[in-house]
Amino acid sequence: MKLVTFGEERRVGVLDGVEIAVLDVPTMREYFERGGADETGERVTPGETRLRAPIVPKKLIHTAGNFREHEEESKRVGWSHEIAPWIVFFQNVDAIVGPDEPVVYPEHLTEELDYELELAVVIGKTGKWFSPEEALDYIAGYVIFNDITARDIQRREMRSGVFSFCKAIDTFCPLGPWIVTRDEIPEPHDLAMELRVNGEPRQTSHSGRMSVTIPEIVSHYSALGYSAGDVLSTGTVSGVAGFSPDAASLYLKPGDVIEAEIERIGVLRNPVISWQEAHGEPAPPRVRW
C-alpha cells in the first residue's frame, strides 16, 4: 500500500490507483498505533487535494555513515571527522515538509545549502531492545527523506564533533511523498536511488551499498525505544555538493527544484525558494557562525 496524508485537515488514506481511499483515523501516527484502520467509503482524486508529509513522528532518528562511498568522498575535502557507521542524532520534527512544499533558503544563516538523499524506515509498533532477527517485525514501511544541510554551519558545529542545528532549520526535512508498506518492498537493499537538481543527476547510487543492514540499524537504535510511527533514516549516498570538487557551483539556490527518487517508492519533489518569497520581507541580518 501507499499510505498518504492529504488536504488541509491532513486526513489519512491509501493511494489506490487514481484515487485515495480515505481511512477512518485522524493521523498517520494513530494509524500505526492502532495497527491499521478501516476505509470510510469516501474516495478523493489526488488532483483535487494536496499531498502532505505522510507522517510527523514523535522521533525522527538520524543515522549516518552507513554508506562507505559517502565517507570516501568526504576525504576529498578534508572533513574534520570520519563519517562512520553508528552516528546517530535527532531531527527537529517541526522542520518536516511534504511533497512539493518549498525548502526555504535562510540566506542570513547559510551560503552553502546542500541536499542528501536517504531511504527512511517507518517503525510500525512500540518496542525496544530487540535483535536484528526481530527487527523486521517492527518495520511498517519506507519513505524518502531529503536531509537538507547547511554545510557552513555544519563545518563549525563539527569542531566539537557534534552537529544538529545545520540540519534542523525550518523546512530542512522533506519527507514523502507517501509511505510504501513493507510488503511492497520485500528487499529494501535492492533499490536504485537518485537525486536530481533541475533535472541534473547529482546523487546516483543503490541501497545495496550500505555497510550495515537495515535490520541491524533498526535493532542497534532500539535501545532508544521506538513509538509506533517513528522514522529512522539510513544515511546518504555519495554525490552531495559539499564534498564535490566544485562545491560552490552545486549548492542549492532559490529557483532550484530537487527531485529525490527511490525505486519502488517514488519521487519526492521540492522547490527551493528565497526567504523573501516565503515571508514577504527581506531576510534578517546575516548571522556569522
# chains A, B, ... in the order shown; residues from 1 in each chain; ligands from 1
>>> closest_atom_pairs(of="segment 104-192 of chain A", to="segment 242-265 of chain A", cutoff="9 Å", atoms="only C-alpha atoms", output="JSON lines")
{"residue": "A:Val104", "atom": "CA", "partner": "A:Pro254", "partner_atom": "CA", "distance": 8.1}
{"residue": "A:Tyr105", "atom": "CA", "partner": "A:Pro254", "partner_atom": "CA", "distance": 6.7}
{"residue": "A:Glu111", "atom": "CA", "partner": "A:Tyr251", "partner_atom": "CA", "distance": 8.2}
{"residue": "A:Glu112", "atom": "CA", "partner": "A:Tyr251", "partner_atom": "CA", "distance": 5.7}
{"residue": "A:Leu113", "atom": "CA", "partner": "A:Leu252", "partner_atom": "CA", "distance": 5.2}
{"residue": "A:Asp114", "atom": "CA", "partner": "A:Tyr251", "partner_atom": "CA", "distance": 5.5}
{"residue": "A:Tyr115", "atom": "CA", "partner": "A:Leu252", "partner_atom": "CA", "distance": 7.7}
{"residue": "A:Glu116", "atom": "CA", "partner": "A:Ala260", "partner_atom": "CA", "distance": 8.8}
{"residue": "A:Leu117", "atom": "CA", "partner": "A:Ala260", "partner_atom": "CA", "distance": 6.2}
{"residue": "A:Glu118", "atom": "CA", "partner": "A:Ala260", "partner_atom": "CA", "distance": 8.5}
{"residue": "A:Leu119", "atom": "CA", "partner": "A:Ile262", "partner_atom": "CA", "distance": 7.5}
{"residue": "A:Tyr142", "atom": "CA", "partner": "A:Ile265", "partner_atom": "CA", "distance": 7.6}
{"residue": "A:Val143", "atom": "CA", "partner": "A:Ile265", "partner_atom": "CA", "distance": 6.9}
{"residue": "A:Ile144", "atom": "CA", "partner": "A:Ile262", "partner_atom": "CA", "distance": 7.0}
{"residue": "A:Phe145", "atom": "CA", "partner": "A:Ala260", "partner_atom": "CA", "distance": 8.0}
{"residue": "A:Asn146", "atom": "CA", "partner": "A:Ala260", "partner_atom": "CA", "distance": 6.9}
{"residue": "A:Arg151", "atom": "CA", "partner": "A:Gly242", "partner_atom": "CA", "distance": 6.6}
{"residue": "A:Pro177", "atom": "CA", "partner": "A:Ile265", "partner_atom": "CA", "distance": 8.3}
{"residue": "A:Trp178", "atom": "CA", "partner": "A:Ile265", "partner_atom": "CA", "distance": 7.8}
{"residue": "A:Ile179", "atom": "CA", "partner": "A:Ile265", "partner_atom": "CA", "distance": 7.8}
{"residue": "A:Val180", "atom": "CA", "partner": "A:Ile265", "partner_atom": "CA", "distance": 6.2}
{"residue": "A:Glu184", "atom": "CA", "partner": "A:Arg264", "partner_atom": "CA", "distance": 7.9}
{"residue": "A:Ile185", "atom": "CA", "partner": "A:Arg264", "partner_atom": "CA", "distance": 7.1}
{"residue": "A:Asp190", "atom": "CA", "partner": "A:Glu263", "partner_atom": "CA", "distance": 8.6}
{"residue": "A:Leu191", "atom": "CA", "partner": "A:Glu263", "partner_atom": "CA", "distance": 5.2}
{"residue": "A:Ala192", "atom": "CA", "partner": "A:Glu263", "partner_atom": "CA", "distance": 5.2}
>>> residues_around(residues="Thr234 of chain A", least_positions_apart="6", cutoff="12 Å", atoms="only C-alpha atoms", output="count of residues only")
41
>>> select_by_dssp(residues="segment 136-246 of chain A", states="strand (DSSP E)", output="VMD selection string")
chain A and resid 139 to 146 149 to 150 173 to 181 192 to 197 200 to 206 231 to 236
>>> residues_around(residues="segment 160-176 of chain A", least_positions_apart="6", cutoff="7 Å", atoms="only C-alpha atoms", output="JSON, numbers by chain")
{"A": [53, 54, 81, 91, 92, 94, 95, 96, 97, 98, 99, 103, 104, 143, 144, 145, 146, 147, 148, 149, 150, 153, 154, 268]}
>>> closest_residue(among="A:Ile123, A:Val93, A:Ala37, A:Val272", to="Gly225 of chain A", atoms="only C-alpha atoms")
A:Ile123
>>> select_by_dssp(residues="segment 8-112 of chain A", states="alpha helix (DSSP H)", output="PyMOL selection string")
chain A and resi 28-34+68-74
>>> write_last_selection(atoms="C-alpha atoms", output="PDB file, in the first residue's frame")
ATOM      1  CA  MET A  28      -0.876   8.577  10.371  1.00  0.00           C
ATOM      2  CA  ARG A  29       0.757   8.042  13.742  1.00  0.00           C
ATOM      3  CA  GLU A  30      -2.540   6.832  15.140  1.00  0.00           C
ATOM      4  CA  TYR A  31      -2.897   4.514  12.139  1.00  0.00           C
ATOM      5  CA  PHE A  32       0.250   2.706  13.253  1.00  0.00           C
ATOM      6  CA  GLU A  33      -0.664   2.921  16.942  1.00  0.00           C
ATOM      7  CA  ARG A  34      -3.957   1.167  16.190  1.00  0.00           C
ATOM      8  CA  ARG A  68      31.102   3.939   2.759  1.00  0.00           C
ATOM      9  CA  GLU A  69      31.037   5.898  -0.504  1.00  0.00           C
ATOM     10  CA  HIS A  70      29.901   8.976   1.433  1.00  0.00           C
ATOM     11  CA  GLU A  71      32.868   8.686   3.790  1.00  0.00           C
ATOM     12  CA  GLU A  72      35.235   8.267   0.855  1.00  0.00           C
ATOM     13  CA  GLU A  73      34.012  11.446  -0.839  1.00  0.00           C
ATOM     14  CA  SER A  74      34.376  13.368   2.438  1.00  0.00           C
TER      15      SER A  74
END
>>> residues_around(residues="Thr40 of chain A", least_positions_apart="3", cutoff="6 Å", atoms="only C-alpha atoms", output="PDB file with N, CA and C atoms, in the first residue's frame")
ATOM      1  N   VAL A  22     -10.113   7.022   1.655  1.00  0.00           N
ATOM      2  CA  VAL A  22      -9.979   7.688   2.946  1.00  0.00           C
ATOM      3  C   VAL A  22     -10.119   6.676   4.077  1.00  0.00           C
ATOM      4  N   LEU A  23      -9.245   6.787   5.082  1.00  0.00           N
ATOM      5  CA  LEU A  23      -9.253   5.874   6.221  1.00  0.00           C
ATOM      6  C   LEU A  23      -9.844   6.552   7.449  1.00  0.00           C
ATOM      7  N   ASP A  24     -10.459   5.740   8.279  1.00  0.00           N
ATOM      8  CA  ASP A  24     -11.135   6.232   9.485  1.00  0.00           C
ATOM      9  C   ASP A  24     -10.145   6.334  10.640  1.00  0.00           C
TER      10      ASP A  24
END
>>> atom_distance(atom1="atom CA of Ser222 of chain A", atom2="atom CA of Lys128 of chain A")
4.6 Å
>>> atom_distance(atom1="atom CA of Leu3 of chain A", atom2="atom CA of Pro132 of chain A")
25.4 Å
>>> atom_distance(atom1="atom CA of Ile55 of chain A", atom2="atom CA of Met193 of chain A")
21.4 Å
>>> closest_residue(among="A:Gly35, A:Gly47, A:Gly141, A:Gly13", to="Pro186 of chain A", atoms="only C-alpha atoms")
A:Gly141
